[in-house]
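So this block is run00.csv, CSV, C-alpha atoms and all ligand atoms:
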chain,number,residue,atom,x,y,z
A,1,MET,CA,12.7,-9.7,-1.3
A,2,ASN,CA,9.1,-10.5,-2.0
A,3,ILE,CA,7.9,-8.3,-4.9
A,4,THR,CA,4.3,-9.7,-4.5
A,5,LYS,CA,3.9,-7.9,-1.2
A,6,PRO,CA,3.1,-4.2,-0.7
A,7,HIS,CA,6.0,-3.9,1.8
A,8,PHE,CA,8.6,-4.3,-0.9
A,9,TRP,CA,7.2,-1.4,-3.0
A,10,GLU,CA,6.3,0.7,0.0
A,11,ASN,CA,9.9,0.7,1.1
A,12,ARG,CA,11.0,1.9,-2.3
A,13,TYR,CA,8.6,4.8,-2.1
A,14,GLN,CA,9.7,5.6,1.5
A,15,ASN,CA,13.4,5.4,0.6
A,16,GLN,CA,12.9,7.4,-2.7
A,17,THR,CA,14.4,4.5,-4.7
A,18,THR,CA,11.8,4.7,-7.4
A,19,GLY,CA,14.1,4.6,-10.4
A,20,TRP,CA,11.1,3.6,-12.6
A,21,ASP,CA,9.3,6.8,-12.0
A,22,ILE,CA,9.7,9.2,-15.0
A,23,GLY,CA,7.9,12.0,-13.2
A,24,GLN,CA,5.5,12.5,-16.1
A,25,PRO,CA,2.9,10.5,-18.1
A,26,ALA,CA,4.6,8.0,-20.5
A,27,PRO,CA,5.1,9.9,-23.8
A,28,GLY,CA,3.5,6.9,-25.6
A,29,PHE,CA,0.2,7.6,-23.8
A,30,ARG,CA,0.4,11.3,-24.7
A,31,GLU,CA,0.9,10.3,-28.4
A,32,PHE,CA,-2.0,7.9,-28.2
A,33,LEU,CA,-4.3,10.5,-26.7
A,34,ALA,CA,-3.3,13.1,-29.3
A,35,GLN,CA,-4.2,10.6,-32.0
A,36,GLU,CA,-7.3,9.1,-30.6
A,37,ASN,CA,-8.8,11.8,-28.4
A,38,GLU,CA,-11.5,12.7,-30.8
A,39,THR,CA,-12.7,9.2,-31.4
A,40,LEU,CA,-12.4,7.4,-28.1
A,41,PRO,CA,-15.8,7.4,-26.2
A,42,ARG,CA,-15.4,8.7,-22.7
A,43,GLY,CA,-15.9,6.1,-19.9
A,44,LYS,CA,-14.5,4.5,-16.8
A,45,MET,CA,-10.8,3.8,-16.7
A,46,ALA,CA,-8.6,2.0,-14.1
A,47,VAL,CA,-4.9,2.3,-14.0
A,48,LEU,CA,-3.2,-0.8,-12.6
A,49,GLY,CA,-0.2,-0.4,-10.3
A,50,CYS,CA,-0.5,3.4,-10.9
A,51,GLY,CA,2.4,4.5,-8.7
A,52,ARG,CA,2.4,8.3,-8.3
A,53,GLY,CA,-0.4,8.5,-10.8
A,54,TYR,CA,1.2,10.4,-13.7
A,55,ASP,CA,-0.4,8.3,-16.4
A,56,ALA,CA,-3.8,8.8,-15.0
A,57,PHE,CA,-3.6,12.5,-15.3
A,58,PRO,CA,-3.9,13.2,-19.0
A,59,PHE,CA,-6.8,10.8,-19.3
A,60,ALA,CA,-8.6,12.4,-16.4
A,61,GLU,CA,-8.0,15.8,-17.9
A,62,ALA,CA,-9.4,14.5,-21.2
A,63,GLY,CA,-12.7,13.6,-19.6
A,64,PHE,CA,-12.2,9.9,-18.7
A,65,GLU,CA,-13.4,8.9,-15.2
A,66,VAL,CA,-10.1,7.6,-13.9
A,67,ILE,CA,-9.2,5.6,-10.8
A,68,GLY,CA,-5.7,4.3,-10.1
A,69,PHE,CA,-5.0,1.2,-8.0
A,70,ASP,CA,-1.7,0.5,-6.2
A,71,PHE,CA,-1.0,-1.5,-3.1
A,72,ALA,CA,1.8,0.8,-1.8
A,73,PRO,CA,0.2,3.3,0.6
A,74,SER,CA,2.8,6.0,-0.2
A,75,ALA,CA,2.1,5.8,-3.9
A,76,ILE,CA,-1.6,6.3,-3.4
A,77,GLN,CA,-1.0,9.2,-0.9
A,78,GLU,CA,1.4,10.9,-3.3
A,79,ALA,CA,-0.8,10.4,-6.4
A,80,THR,CA,-3.8,11.8,-4.5
A,81,GLN,CA,-1.8,14.8,-3.4
A,82,LEU,CA,-0.4,15.4,-6.9
A,83,ALA,CA,-4.0,15.3,-8.4
A,84,GLN,CA,-5.2,17.7,-5.7
A,85,THR,CA,-2.3,20.1,-6.2
A,86,HIS,CA,-2.9,20.2,-10.0
A,87,ASN,CA,-6.7,20.1,-9.7
A,88,ILE,CA,-7.0,17.0,-11.8
A,89,PRO,CA,-10.1,14.9,-11.2
A,90,ALA,CA,-8.4,11.5,-10.9
A,91,HIS,CA,-9.0,9.2,-7.9
A,92,PHE,CA,-6.7,6.7,-6.3
A,93,GLN,CA,-7.3,3.7,-4.1
A,94,GLN,CA,-4.9,1.5,-2.2
A,95,ALA,CA,-5.6,-2.1,-3.4
A,96,ASP,CA,-3.9,-5.3,-4.5
A,97,ILE,CA,-4.9,-5.7,-8.1
A,98,PHE,CA,-5.0,-9.5,-7.6
A,99,HIS,CA,-7.5,-9.1,-4.8
A,100,LEU,CA,-9.8,-6.3,-5.9
A,101,PRO,CA,-13.4,-6.4,-4.5
A,102,LYS,CA,-15.9,-8.2,-6.8
A,103,THR,CA,-17.8,-4.9,-7.0
A,104,HIS,CA,-15.2,-3.8,-9.6
A,105,SER,CA,-15.9,-6.8,-11.9
A,106,HIS,CA,-16.9,-5.7,-15.4
A,107,GLN,CA,-17.1,-2.1,-14.4
A,108,PHE,CA,-14.4,-0.5,-16.6
A,109,ASP,CA,-14.4,0.6,-20.2
A,110,TYR,CA,-10.7,0.9,-20.2
A,111,LEU,CA,-7.6,-0.3,-18.4
A,112,LEU,CA,-4.3,1.4,-18.5
A,113,GLU,CA,-1.0,-0.4,-17.9
A,114,HIS,CA,2.5,1.0,-17.6
A,115,THR,CA,5.3,-0.8,-15.7
A,116,CYS,CA,3.0,-2.8,-13.6
A,117,PHE,CA,3.1,-6.0,-15.8
A,118,CYS,CA,6.9,-5.9,-15.6
A,119,ALA,CA,6.7,-5.5,-11.8
A,120,ILE,CA,4.9,-8.8,-11.2
A,121,PRO,CA,6.6,-12.2,-11.3
A,122,PRO,CA,6.3,-13.6,-14.8
A,123,GLU,CA,4.5,-16.7,-13.5
A,124,LYS,CA,1.6,-14.5,-12.4
A,125,ARG,CA,1.0,-13.1,-15.9
A,126,PRO,CA,-1.8,-15.5,-16.9
A,127,GLU,CA,-3.6,-14.4,-13.6
A,128,TYR,CA,-2.9,-10.7,-14.4
A,129,VAL,CA,-4.5,-11.1,-17.8
A,130,GLN,CA,-7.6,-12.9,-16.4
A,131,ILE,CA,-8.0,-10.2,-13.8
A,132,ALA,CA,-7.7,-7.5,-16.4
A,133,HIS,CA,-10.4,-9.2,-18.5
A,134,SER,CA,-12.6,-9.6,-15.4
A,135,LEU,CA,-12.4,-5.9,-14.7
A,136,LEU,CA,-13.4,-4.8,-18.2
A,137,LYS,CA,-16.9,-4.6,-19.6
A,138,PRO,CA,-17.5,-6.7,-22.7
A,139,GLN,CA,-15.4,-5.3,-25.5
A,140,GLY,CA,-13.6,-3.1,-22.9
A,141,GLN,CA,-10.2,-1.8,-24.0
A,142,PHE,CA,-6.8,-2.6,-22.5
A,143,ILE,CA,-4.2,0.1,-23.3
A,144,GLY,CA,-0.6,-0.7,-22.2
A,145,ILE,CA,3.0,0.3,-22.6
A,146,PHE,CA,5.1,-2.8,-22.0
A,147,PHE,CA,8.8,-3.0,-21.1
A,148,THR,CA,10.2,-5.2,-23.9
A,149,HIS,CA,13.8,-5.2,-22.8
A,150,SER,CA,15.8,-8.4,-23.1
A,151,ARG,CA,17.9,-8.3,-19.9
A,152,PRO,CA,17.6,-11.3,-17.6
A,153,GLY,CA,15.8,-11.1,-14.3
A,154,GLY,CA,13.8,-8.3,-12.8
A,155,PRO,CA,11.8,-6.4,-11.7
A,156,PRO,CA,11.5,-5.0,-14.3
A,157,PHE,CA,10.9,-8.3,-16.0
A,158,GLY,CA,11.1,-7.9,-19.8
A,159,VAL,CA,8.6,-9.5,-22.2
A,160,THR,CA,8.7,-10.1,-25.9
A,161,PRO,CA,5.9,-9.0,-28.3
A,162,SER,CA,5.3,-12.7,-29.0
A,163,GLU,CA,5.0,-13.6,-25.3
A,164,LEU,CA,2.6,-10.7,-24.9
A,165,GLN,CA,0.4,-12.1,-27.7
A,166,ASP,CA,0.5,-15.5,-26.1
A,167,ASP,CA,-0.4,-14.1,-22.7
A,168,PHE,CA,-3.3,-11.8,-23.8
A,169,GLN,CA,-4.8,-13.7,-26.8
A,170,PRO,CA,-6.8,-16.2,-24.6
A,171,HIS,CA,-9.0,-13.3,-23.5
A,172,PHE,CA,-8.3,-10.3,-25.8
A,173,ALA,CA,-8.1,-9.5,-29.5
A,174,ILE,CA,-5.0,-7.7,-30.4
A,175,LYS,CA,-5.9,-4.4,-32.1
A,176,THR,CA,-2.4,-3.2,-32.2
A,177,LEU,CA,1.0,-4.1,-30.8
A,178,HIS,CA,3.9,-2.0,-32.0
A,179,PRO,CA,7.2,-0.5,-30.8
A,180,VAL,CA,6.8,2.9,-29.0
A,181,THR,CA,8.6,5.7,-31.0
A,182,GLN,CA,8.5,8.3,-28.3
A,183,SER,CA,10.0,6.7,-25.2
A,184,VAL,CA,12.0,8.6,-22.6
A,185,SER,CA,15.7,8.3,-23.5
A,186,SER,CA,16.4,5.5,-20.9
A,187,ARG,CA,13.7,3.3,-22.5
A,188,GLN,CA,14.3,4.0,-26.2
A,189,GLY,CA,13.8,0.9,-28.3
A,190,GLU,CA,12.6,-1.1,-25.2
A,191,GLU,CA,8.9,-0.4,-25.1
A,192,HIS,CA,5.8,-1.7,-27.0
A,193,PHE,CA,2.4,-0.2,-27.1
A,194,GLY,CA,-0.5,-2.6,-26.9
A,195,TRP,CA,-4.2,-2.0,-27.5
A,196,PHE,CA,-6.2,-5.1,-26.8
A,197,ILE,CA,-10.0,-5.6,-26.9
A,198,ALA,CA,-11.7,-7.9,-24.3
A,199,GLN,CA,-13.4,-10.9,-26.0
B,1,LIG,C1,7.6,-0.3,-11.3
B,1,LIG,S1,6.3,0.5,-10.4
B,1,LIG,C2,5.5,1.5,-11.6
B,1,LIG,C3,4.6,2.5,-11.1
B,1,LIG,C4,3.9,3.4,-12.1
B,1,LIG,N1,3.1,2.6,-13.0
B,1,LIG,C5,4.9,4.2,-12.9
B,1,LIG,O1,5.1,4.0,-14.1
B,1,LIG,O2,5.5,5.1,-12.2
B,1,LIG,C6,5.2,-0.8,-10.1
B,1,LIG,C7,4.0,-0.4,-9.2
B,1,LIG,O3,3.1,-1.5,-9.2
B,1,LIG,C8,2.7,-1.6,-7.8
B,1,LIG,N2,2.2,-3.0,-7.7
B,1,LIG,C9,3.0,-4.1,-7.9
B,1,LIG,N3,2.2,-5.2,-7.6
B,1,LIG,C10,1.0,-4.8,-7.3
B,1,LIG,C11,-0.2,-5.4,-7.0
B,1,LIG,N4,-0.3,-6.8,-6.9
B,1,LIG,N5,-1.3,-4.6,-6.7
B,1,LIG,C12,-1.2,-3.3,-6.8
B,1,LIG,N6,-0.1,-2.6,-7.1
B,1,LIG,C13,1.0,-3.3,-7.4
B,1,LIG,C14,3.8,-1.2,-7.0
B,1,LIG,O4,3.4,-0.8,-5.7
B,1,LIG,C15,4.4,-0.1,-7.8
B,1,LIG,O5,3.9,1.2,-7.5

Rewrite the structure from the file as structure tokens, please.
Amino acid sequence: MNITKPHFWENRYQNQTTGWDIGQPAPGFREFLAQENETLPRGKMAVLGCGRGYDAFPFAEAGFEVIGFDFAPSAIQEATQLAQTHNIPAHFQQADIFHLPKTHSHQFDYLLEHTCFCAIPPEKRPEYVQIAHSLLKPQGQFIGIFFTHSRPGGPPFGVTPSELQDDFQPHFAIKTLHPVTQSVSSRQGEEHFGWFIAQ
């Protein structure tokens, strides 16, 4: 099993073994949007490892210009189809987030993360953070829901809040990092919401 290759994830989509898929936007993002909708300036947002795209939808509906990246072709196909079916103006592109074209550098006002960070090998986290930083405009905002479970192994690989701070602080200021109160039942007490500002 090589989780860094699209093949691994594509198989999961084709076999319908996508146990991570909650079939809706993460409730923590809905809560965030409800609280911040009025004050957040609209802009360009990328969703990393977007899967079937659910998290992109409420932001696109709220007026953000959203594109989701995922390297599994079926994820992109299904996300695009869902957006079309529900008439949601979100776009999706098949791409490896570690090898995005340079034309995306410093193009985004926001990045959204949900169960992509936990899907990459932990040793690639510093590279992930560097890439996130390189995609954002100066002072761009990284908004993430992280899987902070403490079970060994993965994916999903758990992370502690203090590891998250260590990972992100070289390139980001931590605006907030707190437990998610409105998780789906299977993830209660195992998620943290992070809002980080590119430095
Ligand atoms: C656990 S799934 C989560 C999908 C989605 N965020 C969700 O919550 O339903 C991880 C996703 O990240 C994608 N992924 C993993 N590594 C990636 C990479 N290097 N580039 C792009 N996508 C990646 C996989 O294809 C998969 O769709």

Exercise answer, 9 Å around ligand LIG 1 (chain B) with all atoms listed in the file, as a PyMOL selection string: chain A and resi 3-10+12-13+18-26+47-55+69-76+94-100+113-120+128+155-156

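If all atoms listed in the file are the atoms counted, then among A:Arg42, A:Arg151, A:His171, A:His104 the closest residue to Leu135 in chain A is A:His104.
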
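Look at Gln182 in chain A: the protein and nucleic acid residues within 8 Å of it, using all atoms listed in the file and passing over chain neighbours fewer than 3 places away, are Pro27, Gly28, Glu31 and Gln188 of chain A.
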
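Checking A:Ala83, A:Met1, A:Leu177, A:Ala56 one by one against Ile145 in chain A, counting only C-alpha atoms, you find the shortest gap at A:Leu177.
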
9 Å contact set for Glu65 in chain A, all atoms listed in the file, chain neighbours under 3 positions out, as a ChimeraX atom specification: /A:42-46,59-60,89-91

Test item: which residues lie within 9 Å of (-17.6, -4.9, -27.0) counting only C-alpha atoms, as a VMD selection string: chain A and resid 137 to 141 197 to 199

All residues 9 Å or closer to range 159-165 of chain A, all atoms listed in the file, same chain fewer than 3 positions away omitted, as a list in words: Cys118, Pro122, Phe146, Phe147, Thr148, His149, Ser150, Phe168, Gln169, Pro170, Ile174, Leu177, His178, Pro179, His192 and Gly194 of chain A

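Across the model, the gap from CA of Ile143 in chain A to CA of Lys102 in chain A is 21.9 Å.
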
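Of note, CA of Phe57 in chain A and CA of Glu38 in chain A are spaced 17.4 Å apart.
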
Closest of A:Phe92, A:Tyr110, A:Phe29, A:Phe142 to Trp195 in chain A - atom-to-atom distances counting only C-alpha atoms: A:Phe142

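Take CA of Ala34 in chain A and CA of Thr181 in chain A: the distance between them is 14.1 Å.
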